[in-house]
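File shown here: start_30.csv, holding CSV, C-alpha atoms.
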```csv
chain,number,residue,atom,x,y,z
Y,1,MET,CA,13.0,36.0,-76.3
Y,2,THR,CA,15.0,33.9,-78.8
Y,3,ALA,CA,17.9,31.7,-77.7
Y,4,ILE,CA,20.4,34.0,-79.5
Y,5,ALA,CA,19.0,37.1,-77.8
Y,6,TYR,CA,19.0,35.4,-74.5
Y,7,TYR,CA,22.6,34.4,-75.0
Y,8,PHE,CA,23.8,37.9,-75.9
Y,9,LYS,CA,21.9,39.4,-73.0
Y,10,ASN,CA,23.7,37.1,-70.6
Y,11,VAL,CA,27.1,37.9,-72.3
Y,12,ILE,CA,26.5,41.7,-71.9
Y,13,ILE,CA,25.4,41.3,-68.2
Y,14,THR,CA,28.4,39.1,-67.5
Y,15,VAL,CA,30.9,41.5,-69.1
Y,16,VAL,CA,29.4,44.5,-67.1
Y,17,ALA,CA,29.4,42.4,-63.9
Y,18,LEU,CA,33.1,41.4,-64.5
Y,19,ILE,CA,34.1,45.0,-64.9
Y,20,LEU,CA,32.3,46.0,-61.7
Y,21,CYS,CA,33.6,43.0,-59.8
Y,22,GLY,CA,37.1,43.7,-61.0
Y,23,VAL,CA,37.1,47.1,-59.3
Y,24,THR,CA,37.2,45.3,-55.9
Y,25,TRP,CA,40.5,43.6,-57.0
Y,26,ILE,CA,42.1,46.7,-58.6
Y,27,ILE,CA,41.8,49.2,-55.8
Y,28,PRO,CA,44.5,48.9,-53.1
Y,29,PHE,CA,42.2,48.0,-50.2
Y,30,ASN,CA,39.4,45.5,-49.6
Y,31,LEU,CA,35.9,47.0,-49.5
Y,32,MET,CA,34.5,43.7,-48.1
Y,33,LYS,CA,35.0,44.0,-44.3
Y,34,ILE,CA,33.5,42.7,-41.2
Y,35,THR,CA,31.6,45.7,-39.8
Y,36,VAL,CA,30.2,44.1,-36.7
Y,37,ALA,CA,32.2,41.3,-35.1
Y,38,PRO,CA,30.6,37.9,-34.4
Y,39,ALA,CA,28.4,37.3,-31.3
Y,40,VAL,CA,27.3,33.9,-30.2
Y,41,PHE,CA,23.6,33.7,-29.3
Y,42,GLU,CA,21.9,31.1,-27.1
Y,43,THR,CA,18.7,29.9,-28.8
Y,44,GLY,CA,17.9,26.8,-26.8
Y,45,GLY,CA,18.5,23.2,-27.9
Y,46,ASP,CA,21.9,21.9,-29.0
Y,47,TYR,CA,23.0,24.8,-31.2
Y,48,TYR,CA,24.3,28.4,-31.0
Y,49,ASN,CA,23.7,31.1,-33.6
Y,50,ILE,CA,26.9,32.9,-34.6
Y,51,VAL,CA,25.9,36.3,-36.1
Y,52,TRP,CA,28.0,39.0,-37.7
Y,53,GLU,CA,27.7,41.8,-40.3
Y,54,THR,CA,29.8,42.7,-43.4
Y,55,SER,CA,30.0,45.8,-45.5
Y,56,PHE,CA,28.6,44.1,-48.6
Y,57,LYS,CA,26.2,41.3,-49.2
Y,58,GLY,CA,27.8,37.9,-49.8
Y,59,SER,CA,28.3,34.4,-48.3
Y,60,GLY,CA,29.3,33.6,-44.8
Y,61,CYS,CA,30.7,30.6,-42.9
Y,62,VAL,CA,32.2,29.7,-39.6
Y,63,LYS,CA,35.5,27.7,-39.5
Y,64,TYR,CA,36.9,25.7,-36.6
Y,65,THR,CA,38.6,22.3,-35.9
Y,66,TYR,CA,36.8,19.6,-33.9
Y,67,ASN,CA,38.3,16.2,-33.0
Y,68,GLY,CA,41.0,16.9,-35.6
Y,69,GLU,CA,38.6,17.6,-38.4
Y,70,GLU,CA,38.4,21.0,-40.2
Y,71,LYS,CA,34.8,22.2,-40.0
Y,72,VAL,CA,33.2,24.7,-42.3
Y,73,VAL,CA,29.5,25.6,-41.5
Y,74,TRP,CA,27.7,27.8,-43.9
Y,75,ASP,CA,25.0,30.4,-43.6
Y,76,SER,CA,22.6,28.5,-45.7
Y,77,ASN,CA,18.9,27.7,-46.1
Y,78,ASN,CA,17.7,24.4,-47.4
Y,79,GLY,CA,21.0,23.7,-49.1
Y,80,ILE,CA,21.4,27.1,-50.7
Y,81,ILE,CA,24.2,29.3,-49.3
Y,82,THR,CA,22.8,32.7,-48.5
Y,83,SER,CA,24.6,35.4,-50.6
Y,84,ASP,CA,22.1,38.3,-50.7
Y,85,ASP,CA,22.5,39.7,-47.2
Y,86,THR,CA,25.0,41.6,-45.1
Y,87,VAL,CA,24.0,39.9,-41.9
Y,88,HIS,CA,25.1,36.3,-41.5
Y,89,SER,CA,23.8,33.8,-39.1
Y,90,VAL,CA,25.3,30.3,-38.7
Y,91,ARG,CA,24.0,27.5,-36.4
Y,92,VAL,CA,26.9,25.6,-34.8
Y,93,PRO,CA,26.6,22.7,-32.4
Y,94,LYS,CA,27.3,23.8,-28.8
Y,95,GLU,CA,29.4,20.7,-28.1
Y,96,GLU,CA,31.8,21.5,-31.0
Y,97,LEU,CA,32.2,25.2,-30.1
Y,98,ARG,CA,32.7,25.0,-26.3
Y,99,GLY,CA,36.4,25.6,-25.4
Y,100,ASN,CA,37.2,25.9,-29.1
Y,101,THR,CA,38.6,28.6,-31.4
Y,102,TYR,CA,36.6,29.8,-34.4
Y,103,THR,CA,36.8,32.3,-37.2
Y,104,VAL,CA,34.1,33.7,-39.4
Y,105,GLU,CA,34.6,34.3,-43.1
Y,106,SER,CA,32.6,36.1,-45.8
Y,107,GLN,CA,33.0,36.6,-49.5
Y,108,PHE,CA,31.5,39.4,-51.6
Y,109,ILE,CA,29.0,38.0,-54.1
Y,110,PRO,CA,28.0,41.0,-56.4
Y,111,PHE,CA,26.1,38.9,-58.9
Y,112,LYS,CA,24.5,35.5,-58.8
Y,113,PHE,CA,22.9,34.1,-62.0
Y,114,SER,CA,21.2,30.9,-62.8
Y,115,TYR,CA,24.3,29.0,-63.9
Y,116,HIS,CA,27.2,31.0,-62.7
Y,117,CYS,CA,28.1,33.8,-60.3
Y,118,LEU,CA,30.8,36.5,-59.8
Y,119,LYS,CA,32.8,36.5,-56.6
Y,120,GLY,CA,34.8,39.3,-55.0
Y,121,ARG,CA,37.2,39.4,-52.2
Y,122,LYS,CA,37.0,37.6,-48.9
Y,123,CYS,CA,37.3,38.9,-45.3
Y,124,GLU,CA,37.9,36.9,-42.2
Y,125,SER,CA,37.8,37.7,-38.5
Y,126,GLU,CA,40.6,37.2,-36.0
Y,127,PRO,CA,40.4,33.8,-34.3
Y,128,VAL,CA,38.1,33.9,-31.3
Y,129,VAL,CA,38.6,31.6,-28.3
Y,130,PHE,CA,35.1,30.7,-27.2
Y,131,GLY,CA,34.6,29.9,-23.5
Y,132,GLY,CA,31.0,28.8,-23.0
Y,133,GLU,CA,32.2,26.6,-20.1
Y,134,GLU,CA,29.1,25.2,-18.5
Y,135,LYS,CA,30.3,25.7,-14.9
Y,136,GLU,CA,28.7,24.0,-11.9
Y,137,ALA,CA,29.6,26.8,-9.5
Y,138,ASP,CA,30.6,30.5,-9.5
Y,139,ILE,CA,28.6,31.4,-12.7
Y,140,ASN,CA,28.6,35.1,-13.4
Y,141,ILE,CA,25.7,36.4,-15.4
Y,142,LEU,CA,25.8,40.0,-16.7
Y,143,CYS,CA,22.2,41.3,-17.0
Y,144,ILE,CA,21.5,44.2,-19.4
Y,145,ALA,CA,18.1,45.7,-20.2
Y,146,ASP,CA,16.6,48.8,-21.7
Y,147,ILE,CA,19.7,50.3,-23.2
Y,148,HIS,CA,17.6,52.5,-25.6
Y,149,GLU,CA,20.7,53.7,-27.4
Y,150,MET,CA,22.4,54.8,-24.2
Y,151,GLU,CA,25.6,52.8,-24.8
Y,152,LYS,CA,27.9,55.5,-23.4
Y,153,GLU,CA,26.1,55.5,-20.1
Y,154,MET,CA,25.9,51.7,-20.1
Y,155,ASN,CA,29.7,51.4,-20.5
Y,156,LYS,CA,30.2,53.8,-17.6
Y,157,ALA,CA,28.1,51.6,-15.4
Y,158,LEU,CA,29.9,48.5,-16.6
Y,159,SER,CA,33.2,50.1,-15.7
Y,160,HIS,CA,32.2,49.6,-12.1
Y,161,ILE,CA,31.7,45.9,-12.4
Y,162,GLU,CA,34.9,43.9,-11.9
Y,163,GLU,CA,33.6,40.4,-12.4
Y,164,LYS,CA,34.1,38.7,-15.7
Y,165,ALA,CA,30.8,37.4,-17.2
Y,166,ASP,CA,30.4,33.7,-18.1
Y,167,LEU,CA,27.0,34.5,-19.7
Y,168,ILE,CA,25.4,37.7,-20.9
Y,169,CYS,CA,21.7,38.3,-20.8
Y,170,MET,CA,20.3,41.1,-22.9
Y,171,ILE,CA,16.8,41.3,-21.5
Y,172,GLY,CA,15.0,43.4,-24.2
Y,173,ASP,CA,14.6,47.0,-25.4
Y,174,ILE,CA,18.2,47.2,-26.5
Y,175,THR,CA,16.9,49.6,-29.1
Y,176,SER,CA,13.9,51.8,-29.1
Y,177,GLU,CA,12.6,50.5,-32.4
Y,178,MET,CA,13.3,48.0,-35.2
Y,179,ARG,CA,12.5,50.2,-38.2
Y,180,THR,CA,15.7,49.5,-40.2
Y,181,LYS,CA,18.5,46.9,-40.4
Y,182,ASP,CA,20.9,49.5,-39.1
Y,183,GLN,CA,19.0,49.7,-35.8
Y,184,PHE,CA,19.6,46.0,-35.4
Y,185,THR,CA,23.2,45.9,-36.5
Y,186,LYS,CA,24.5,49.2,-35.0
Y,187,PHE,CA,22.8,48.7,-31.6
Y,188,LEU,CA,21.5,45.2,-30.8
Y,189,LEU,CA,24.1,43.1,-32.7
Y,190,LYS,CA,27.0,45.5,-32.0
Y,191,ASP,CA,26.2,45.7,-28.3
Y,192,ALA,CA,26.1,41.8,-28.1
Y,193,ALA,CA,29.5,41.6,-29.9
Y,194,ASP,CA,31.1,44.4,-27.8
Y,195,LEU,CA,29.9,43.0,-24.5
Y,196,SER,CA,30.8,39.4,-25.2
Y,197,GLY,CA,33.8,39.7,-27.6
Y,198,GLY,CA,32.2,36.6,-29.3
Y,199,ALA,CA,33.8,34.6,-26.5
Y,200,VAL,CA,30.8,33.9,-24.2
Y,201,PRO,CA,27.1,33.1,-25.0
Y,202,VAL,CA,24.6,35.9,-25.3
Y,203,VAL,CA,20.9,35.3,-24.3
Y,204,PHE,CA,18.6,37.8,-26.1
Y,205,THR,CA,15.1,38.2,-24.6
Y,206,ARG,CA,12.8,40.2,-27.0
Y,207,GLY,CA,11.5,43.4,-25.5
Y,208,ASN,CA,8.4,45.3,-26.6
Y,209,HIS,CA,10.5,47.8,-28.5
Y,210,GLU,CA,12.1,45.1,-30.6
Y,211,THR,CA,8.6,44.3,-31.9
Y,212,ARG,CA,8.2,47.7,-33.5
Y,213,GLY,CA,9.1,48.6,-37.0
Y,214,GLU,CA,9.6,47.1,-40.5
Y,215,TYR,CA,12.6,45.1,-39.5
Y,216,ALA,CA,11.0,43.5,-36.3
Y,217,GLY,CA,9.6,40.6,-38.3
Y,218,ILE,CA,13.1,39.7,-39.7
Y,219,LEU,CA,14.9,39.4,-36.3
Y,220,ALA,CA,13.9,35.8,-35.9
Y,221,ASP,CA,15.8,34.9,-39.0
Y,222,TYR,CA,19.0,35.7,-37.2
Y,223,LEU,CA,18.3,35.3,-33.4
Y,224,GLY,CA,15.3,33.0,-33.2
Y,225,ASP,CA,15.5,29.3,-32.2
Y,226,GLU,CA,15.2,26.5,-34.7
Y,227,ASP,CA,11.5,27.2,-35.2
Y,228,GLY,CA,12.0,31.0,-35.3
Y,229,LYS,CA,10.7,31.6,-31.8
Y,230,PHE,CA,12.0,33.8,-29.0
Y,231,TYR,CA,10.9,31.6,-26.2
Y,232,TYR,CA,12.8,28.5,-25.2
Y,233,THR,CA,14.6,26.7,-22.4
Y,234,PHE,CA,18.4,26.2,-22.0
Y,235,ASP,CA,20.9,24.8,-19.6
Y,236,PHE,CA,24.2,26.3,-18.8
Y,237,GLY,CA,26.0,24.1,-16.3
Y,238,ALA,CA,24.2,24.3,-13.0
Y,239,LEU,CA,21.6,26.8,-14.5
Y,240,SER,CA,18.3,25.7,-16.0
Y,241,ALA,CA,16.5,28.7,-17.6
Y,242,VAL,CA,13.2,29.5,-19.2
Y,243,VAL,CA,13.3,32.4,-21.7
Y,244,ILE,CA,9.9,34.1,-22.1
Y,245,ASP,CA,8.9,36.3,-25.0
Y,246,SER,CA,6.6,38.8,-23.3
Y,247,GLY,CA,5.9,40.5,-26.7
Y,248,GLU,CA,4.1,43.8,-26.8
Y,249,ASP,CA,2.9,45.6,-23.6
Y,250,LYS,CA,-0.6,46.6,-24.9
Y,251,GLU,CA,-3.6,44.8,-26.3
Y,252,ASP,CA,-3.5,44.1,-30.1
Y,253,SER,CA,-6.3,46.6,-30.7
Y,254,HIS,CA,-4.2,49.5,-29.4
Y,255,LYS,CA,-3.8,52.4,-32.0
Y,256,GLU,CA,0.0,52.2,-31.9
Y,257,TYR,CA,-0.1,48.9,-33.8
Y,258,SER,CA,-2.4,49.9,-36.7
Y,259,GLY,CA,-4.0,46.5,-36.7
Y,260,LEU,CA,-0.7,44.8,-37.7
Y,261,VAL,CA,0.1,42.6,-34.7
Y,262,ASP,CA,-1.3,39.3,-33.5
Y,263,PHE,CA,0.3,38.9,-30.1
Y,264,GLU,CA,-2.8,37.3,-28.6
Y,265,SER,CA,-2.2,34.2,-30.8
Y,266,LEU,CA,1.5,34.2,-29.9
Y,267,ARG,CA,0.8,34.4,-26.2
Y,268,ASN,CA,-1.8,31.6,-26.3
Y,269,GLU,CA,0.7,29.4,-28.1
Y,270,GLU,CA,3.5,30.3,-25.7
Y,271,TYR,CA,1.4,29.8,-22.6
Y,272,GLU,CA,0.4,26.4,-23.8
Y,273,TRP,CA,4.1,25.5,-24.4
Y,274,LEU,CA,5.0,26.8,-20.9
Y,275,CYS,CA,2.3,24.6,-19.3
Y,276,GLU,CA,3.6,21.5,-21.2
Y,277,LEU,CA,7.2,21.9,-20.1
Y,278,ASP,CA,8.6,19.0,-18.1
Y,279,LYS,CA,10.0,19.8,-14.7
Y,280,LYS,CA,12.4,16.8,-15.0
Y,281,GLU,CA,14.1,18.5,-17.9
Y,282,LEU,CA,14.8,21.6,-15.9
Y,283,ASP,CA,16.8,20.0,-13.1
Y,284,GLY,CA,19.6,22.5,-12.7
Y,285,ARG,CA,20.6,23.6,-9.2
Y,286,TYR,CA,19.6,27.2,-10.1
Y,287,ARG,CA,16.3,27.8,-12.0
Y,288,ILE,CA,15.8,31.2,-13.4
Y,289,VAL,CA,13.3,32.9,-15.8
Y,290,PHE,CA,14.3,35.7,-18.1
Y,291,SER,CA,11.5,37.9,-19.4
Y,292,HIS,CA,11.6,41.5,-20.5
Y,293,GLU,CA,8.3,42.1,-18.8
Y,294,PRO,CA,8.9,40.3,-15.4
Y,295,ILE,CA,5.5,40.9,-13.8
Y,296,LEU,CA,3.8,37.8,-15.0
Y,297,ASP,CA,1.2,37.0,-12.3
Y,298,ASN,CA,-1.5,38.5,-14.5
Y,299,HIS,CA,0.0,38.7,-17.9
Y,300,PHE,CA,-2.9,39.6,-20.3
Y,301,GLY,CA,-5.4,37.7,-18.1
Y,302,LYS,CA,-3.3,34.6,-17.4
Y,303,ALA,CA,-1.2,33.8,-14.3
Y,304,TRP,CA,2.0,32.8,-16.0
Y,305,THR,CA,3.7,32.5,-12.6
Y,306,GLU,CA,1.6,29.3,-11.9
Y,307,PRO,CA,3.2,27.0,-14.5
Y,308,LEU,CA,6.6,28.6,-13.7
Y,309,LYS,CA,6.2,27.7,-10.0
Y,310,LYS,CA,5.2,24.2,-10.9
Y,311,LEU,CA,8.5,23.9,-12.9
Y,312,GLY,CA,10.4,24.9,-9.7
Y,313,MET,CA,11.6,28.3,-11.0
Y,314,GLU,CA,13.2,30.3,-8.2
Y,315,LEU,CA,13.5,33.8,-9.7
Y,316,ILE,CA,12.2,36.0,-12.6
Y,317,VAL,CA,14.8,38.4,-14.0
Y,318,GLY,CA,13.6,41.2,-16.2
Y,319,GLY,CA,13.6,44.9,-17.2
Y,320,HIS,CA,10.9,47.0,-18.8
Y,321,TRP,CA,10.2,49.2,-15.8
Y,322,HIS,CA,13.5,51.2,-16.0
Y,323,GLU,CA,14.4,50.7,-12.3
Y,324,SER,CA,16.5,48.7,-9.9
Y,325,ARG,CA,14.0,46.6,-7.8
Y,326,PHE,CA,13.6,43.3,-6.0
Y,327,ASP,CA,10.1,42.1,-5.3
Y,328,GLU,CA,9.9,39.4,-2.6
Y,329,GLY,CA,7.3,36.7,-3.0
Y,330,GLU,CA,6.7,33.0,-3.7
Y,331,LEU,CA,8.4,33.6,-7.1
Y,332,PRO,CA,10.6,36.7,-6.6
Y,333,VAL,CA,11.2,39.3,-9.3
Y,334,PHE,CA,14.5,41.1,-10.0
Y,335,ILE,CA,14.4,44.1,-12.3
Y,336,VAL,CA,17.9,44.8,-13.4
Y,337,GLY,CA,18.0,48.6,-14.1
Y,338,GLY,CA,18.6,50.0,-17.6
Y,339,ASN,CA,17.7,53.6,-18.5
Y,340,LEU,CA,16.8,55.2,-15.1
Y,341,GLY,CA,16.2,58.7,-16.6
Y,342,ASP,CA,18.1,61.9,-16.2
Y,343,GLY,CA,21.1,60.4,-18.0
Y,344,GLN,CA,21.5,57.6,-15.4
Y,345,TRP,CA,21.8,54.0,-16.4
Y,346,ALA,CA,22.3,50.8,-14.4
Y,347,ALA,CA,23.6,47.3,-15.0
Y,348,SER,CA,23.4,44.1,-12.9
Y,349,MET,CA,25.6,41.1,-12.2
Y,350,MET,CA,24.2,37.9,-10.8
Y,351,LYS,CA,26.5,35.2,-9.3
Y,352,LEU,CA,25.3,31.6,-8.8
Y,353,SER,CA,27.4,30.0,-6.1
Y,354,ASN,CA,27.0,27.8,-3.0
Y,355,GLY,CA,23.3,27.4,-3.6
Y,356,LYS,CA,22.7,31.1,-3.6
Y,357,ILE,CA,21.8,33.7,-6.3
Y,358,SER,CA,23.6,36.9,-5.5
Y,359,VAL,CA,22.5,40.1,-7.3
Y,360,LYS,CA,24.1,43.5,-7.5
Y,361,THR,CA,23.1,46.6,-9.5
Y,362,VAL,CA,25.4,49.6,-10.1
Y,363,ASP,CA,24.7,52.9,-11.9
Y,364,THR,CA,26.8,55.1,-14.1
Y,365,GLU,CA,28.4,56.8,-11.0
Y,366,GLY,CA,29.3,53.5,-9.4
Y,367,ASN,CA,26.6,53.6,-6.8
Y,368,ILE,CA,25.4,50.2,-5.6
Y,369,LEU,CA,21.6,50.5,-6.1
Y,370,LEU,CA,20.8,47.0,-4.9
Y,371,GLU,CA,22.7,44.1,-3.4
Y,372,LYS,CA,21.0,40.9,-2.3
Y,373,ASP,CA,21.3,37.1,-1.8
Y,374,VAL,CA,18.4,35.0,-2.9
```
This structure in structure tokens:
Amino acid sequence: MTAIAYYFKNVIITVVALILCGVTWIIPFNLMKITVAPAVFETGGDYYNIVWETSFKGSGCVKYTYNGEEKVVWDSNNGIITSDDTVHSVRVPKEELRGNTYTVESQFIPFKFSYHCLKGRKCESEPVVFGGEEKEADINILCIADIHEMEKEMNKALSHIEEKADLICMIGDITSEMRTKDQFTKFLLKDAADLSGGAVPVVFTRGNHETRGEYAGILADYLGDEDGKFYYTFDFGALSAVVIDSGEDKEDSHKEYSGLVDFESLRNEEYEWLCELDKKELDGRYRIVFSHEPILDNHFGKAWTEPLKKLGMELIVGGHWHESRFDEGELPVFIVGGNLGDGQWAASMMKLSNGKISVKTVDTEGNILLEKDV
């Protein structure tokens, strides 16, 4: 293509793009909206991931003030601000967000060329006051697992829980599959935003159903840790926690997977990481493991409970089995409820106080299914 032809091609594209972009300014309302409010995800380390969705693709940033300085943190990758997605994920230092107020902002970017771009309207969230207070006592942890698109039943169960959560743990199988982006945004992301109001941290533990479908491999871009993993450790005041990615629940050779999974390699890598963790770095008064599959004494041929016991872990909290249950033992297991069948659903609240872990599970009718001090 000659230089003149190239020039005229770009002129035509630019004129058409300007006309299309101008529509967003002429019409009396803004098509660029925040369709799923921000949620703040714990991913281990020193950063939170703030994630939200907009109606159109574009840029995204988080704004707040820290030590008198106006901060703008972009959804970017290697210096390039992301503008080709409707889901935005921004990593913000925990220290700067705790007890602070933040907003998220996005701008419609309809066209991005090599040397210029067209920008549409902006949208901004209401200011959110983020708690995230790392308390040393009276820590309330809301535990949710196996929603499987039963949000209506979940909310009925939650209406019977009076305590306000300091931390929300979504322990897997929030959806039944990850085939499309909508299944991520309309269920997992929206549930996190609705439950937390963007004001307290959310811990997401990947369930086996979040590994299924075309979109499953993209989740880590938004919710994974700095290395794109779903297993990590974190501290929250007096709590030291290990988050396990229990992956799929069958061997890689199972016909369900069509030969397109390699969880054996992931489990080997994760188990090695678990064995190398330093007990001195997990020195909280309360030491808890979160894992979608909580039965880990023989997890695909390895006793994952052994390195967990060496780390001084006191309790495994999980889901997967669609029941409310507490298994006593050297390393007790608490299964938090979820979809119980026949339209029944259960949620759990844990309270860490006075050296005890108190657990309570309620169902959609307000029945207390389990209440115990550990």
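Shortest atom-to-atom contact with Lys190 of chain Y among Y:Ile139, Y:Gly312, Y:Ile174, Y:Leu370: Y:Ile174, counting all atoms listed in the file.
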Surrounding residues of Lys71 of chain Y excluding itself and chain neighbours under 5 positions, 10 Å, all atoms listed in the file, as a ChimeraX atom specification:
/Y:61-66,96,102
Using only C-alpha atoms, which protein or nucleic acid residues come within 9 Å of segment 283-285 of chain Y? Drop anything in the same chain fewer than 4 positions from it, and give the result as a PDB file with C-alpha atoms, in the frame of the given file.
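To be explicit, this is the file written out as selection.pdb:
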```pdb
ATOM      1  CA  GLU Y 136      28.700  24.000 -11.900  1.00  0.00           C
ATOM      2  CA  ASP Y 235      20.900  24.800 -19.600  1.00  0.00           C
ATOM      3  CA  PHE Y 236      24.200  26.300 -18.800  1.00  0.00           C
ATOM      4  CA  GLY Y 237      26.000  24.100 -16.300  1.00  0.00           C
ATOM      5  CA  ALA Y 238      24.200  24.300 -13.000  1.00  0.00           C
ATOM      6  CA  LEU Y 239      21.600  26.800 -14.500  1.00  0.00           C
ATOM      7  CA  SER Y 240      18.300  25.700 -16.000  1.00  0.00           C
ATOM      8  CA  ALA Y 241      16.500  28.700 -17.600  1.00  0.00           C
ATOM      9  CA  LYS Y 279      10.000  19.800 -14.700  1.00  0.00           C
ATOM     10  CA  GLY Y 312      10.400  24.900  -9.700  1.00  0.00           C
ATOM     11  CA  GLY Y 355      23.300  27.400  -3.600  1.00  0.00           C
TER      12      GLY Y 355
END
```
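Closest approach to Gly45 of chain Y from the set Y:Glu371, Y:Glu151, Y:Asp225, Y:Glu276 is made by Y:Asp225, with distances taken over only C-alpha atoms.
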12 Å contact set for Gly341 of chain Y, only C-alpha atoms, chain neighbours under 5 positions out, as a PyMOL selection string:
chain Y and resi 146-148+150+153+321-323+346+363-364
Residues at most 8 Å from Asp138 of chain Y, counting all atoms listed in the file, excluding those fewer than 2 positions away in the same chain, as a list in words?
Lys135, Glu136, Asn140, Lys351, Leu352, Ser353 and Asn354 of chain Y
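For the atom pair formed by atom CA of Asn100 of chain Y and atom CA of Lys164 of chain Y, the distance is 18.8 Å, given to one decimal.
Atom to atom, atom CA of Ser253 of chain Y and atom CA of Glu270 of chain Y stand 19.7 Å apart.
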Within 12 Å of (11.3, 43.2, -40.0), in the coordinates the file gives, what residues turn up when you count only C-alpha atoms, written out as an MDAnalysis selection string?
chainID Y and resid 177:184 210:222
Based on the selection just made, write C-alpha atoms of those residues as a PDB file, in the frame of the given file.
```pdb
ATOM      1  CA  GLU Y 177      12.600  50.500 -32.400  1.00  0.00           C
ATOM      2  CA  MET Y 178      13.300  48.000 -35.200  1.00  0.00           C
ATOM      3  CA  ARG Y 179      12.500  50.200 -38.200  1.00  0.00           C
ATOM      4  CA  THR Y 180      15.700  49.500 -40.200  1.00  0.00           C
ATOM      5  CA  LYS Y 181      18.500  46.900 -40.400  1.00  0.00           C
ATOM      6  CA  ASP Y 182      20.900  49.500 -39.100  1.00  0.00           C
ATOM      7  CA  GLN Y 183      19.000  49.700 -35.800  1.00  0.00           C
ATOM      8  CA  PHE Y 184      19.600  46.000 -35.400  1.00  0.00           C
ATOM      9  CA  GLU Y 210      12.100  45.100 -30.600  1.00  0.00           C
ATOM     10  CA  THR Y 211       8.600  44.300 -31.900  1.00  0.00           C
ATOM     11  CA  ARG Y 212       8.200  47.700 -33.500  1.00  0.00           C
ATOM     12  CA  GLY Y 213       9.100  48.600 -37.000  1.00  0.00           C
ATOM     13  CA  GLU Y 214       9.600  47.100 -40.500  1.00  0.00           C
ATOM     14  CA  TYR Y 215      12.600  45.100 -39.500  1.00  0.00           C
ATOM     15  CA  ALA Y 216      11.000  43.500 -36.300  1.00  0.00           C
ATOM     16  CA  GLY Y 217       9.600  40.600 -38.300  1.00  0.00           C
ATOM     17  CA  ILE Y 218      13.100  39.700 -39.700  1.00  0.00           C
ATOM     18  CA  LEU Y 219      14.900  39.400 -36.300  1.00  0.00           C
ATOM     19  CA  ALA Y 220      13.900  35.800 -35.900  1.00  0.00           C
ATOM     20  CA  ASP Y 221      15.800  34.900 -39.000  1.00  0.00           C
ATOM     21  CA  TYR Y 222      19.000  35.700 -37.200  1.00  0.00           C
TER      22      TYR Y 222
END
```
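With distances taken over all atoms listed in the file, Y:Gln107 is the one residue among Y:Ser159, Y:Gln107, Y:Ser265, Y:Ser55 lying closest to Thr82 of chain Y.
From atom CA of Val242 of chain Y back to atom CA of Val36 of chain Y, the distance works out to 28.4 Å.
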Write out as a short mmCIF file (atom, residue, chain, number, x, y, z; two decimals) with C-alpha atoms, keeping the file's coordinate frame each polymer residue whose atoms come within 8 Å of Ala145 of chain Y, counting all atoms listed in the file; drop sequence neighbours fewer than 2 positions from it.
```cif
data_model
loop_
_atom_site.label_atom_id
_atom_site.label_comp_id
_atom_site.auth_asym_id
_atom_site.auth_seq_id
_atom_site.Cartn_x
_atom_site.Cartn_y
_atom_site.Cartn_z
CA CYS Y 143 22.20 41.30 -17.00
CA ILE Y 147 19.70 50.30 -23.20
CA MET Y 170 20.30 41.10 -22.90
CA ILE Y 171 16.80 41.30 -21.50
CA GLY Y 172 15.00 43.40 -24.20
CA ASP Y 173 14.60 47.00 -25.40
CA ILE Y 174 18.20 47.20 -26.50
CA HIS Y 292 11.60 41.50 -20.50
CA GLY Y 318 13.60 41.20 -16.20
CA GLY Y 319 13.60 44.90 -17.20
CA HIS Y 320 10.90 47.00 -18.80
CA VAL Y 336 17.90 44.80 -13.40
CA GLY Y 337 18.00 48.60 -14.10
CA GLY Y 338 18.60 50.00 -17.60
CA ALA Y 347 23.60 47.30 -15.00
#
```
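When all atoms listed in the file are used to measure the gap to Met350 of chain Y, the shortest distance among Y:Phe187, Y:Asn208, Y:Lys309, Y:Cys169 belongs to Y:Cys169.
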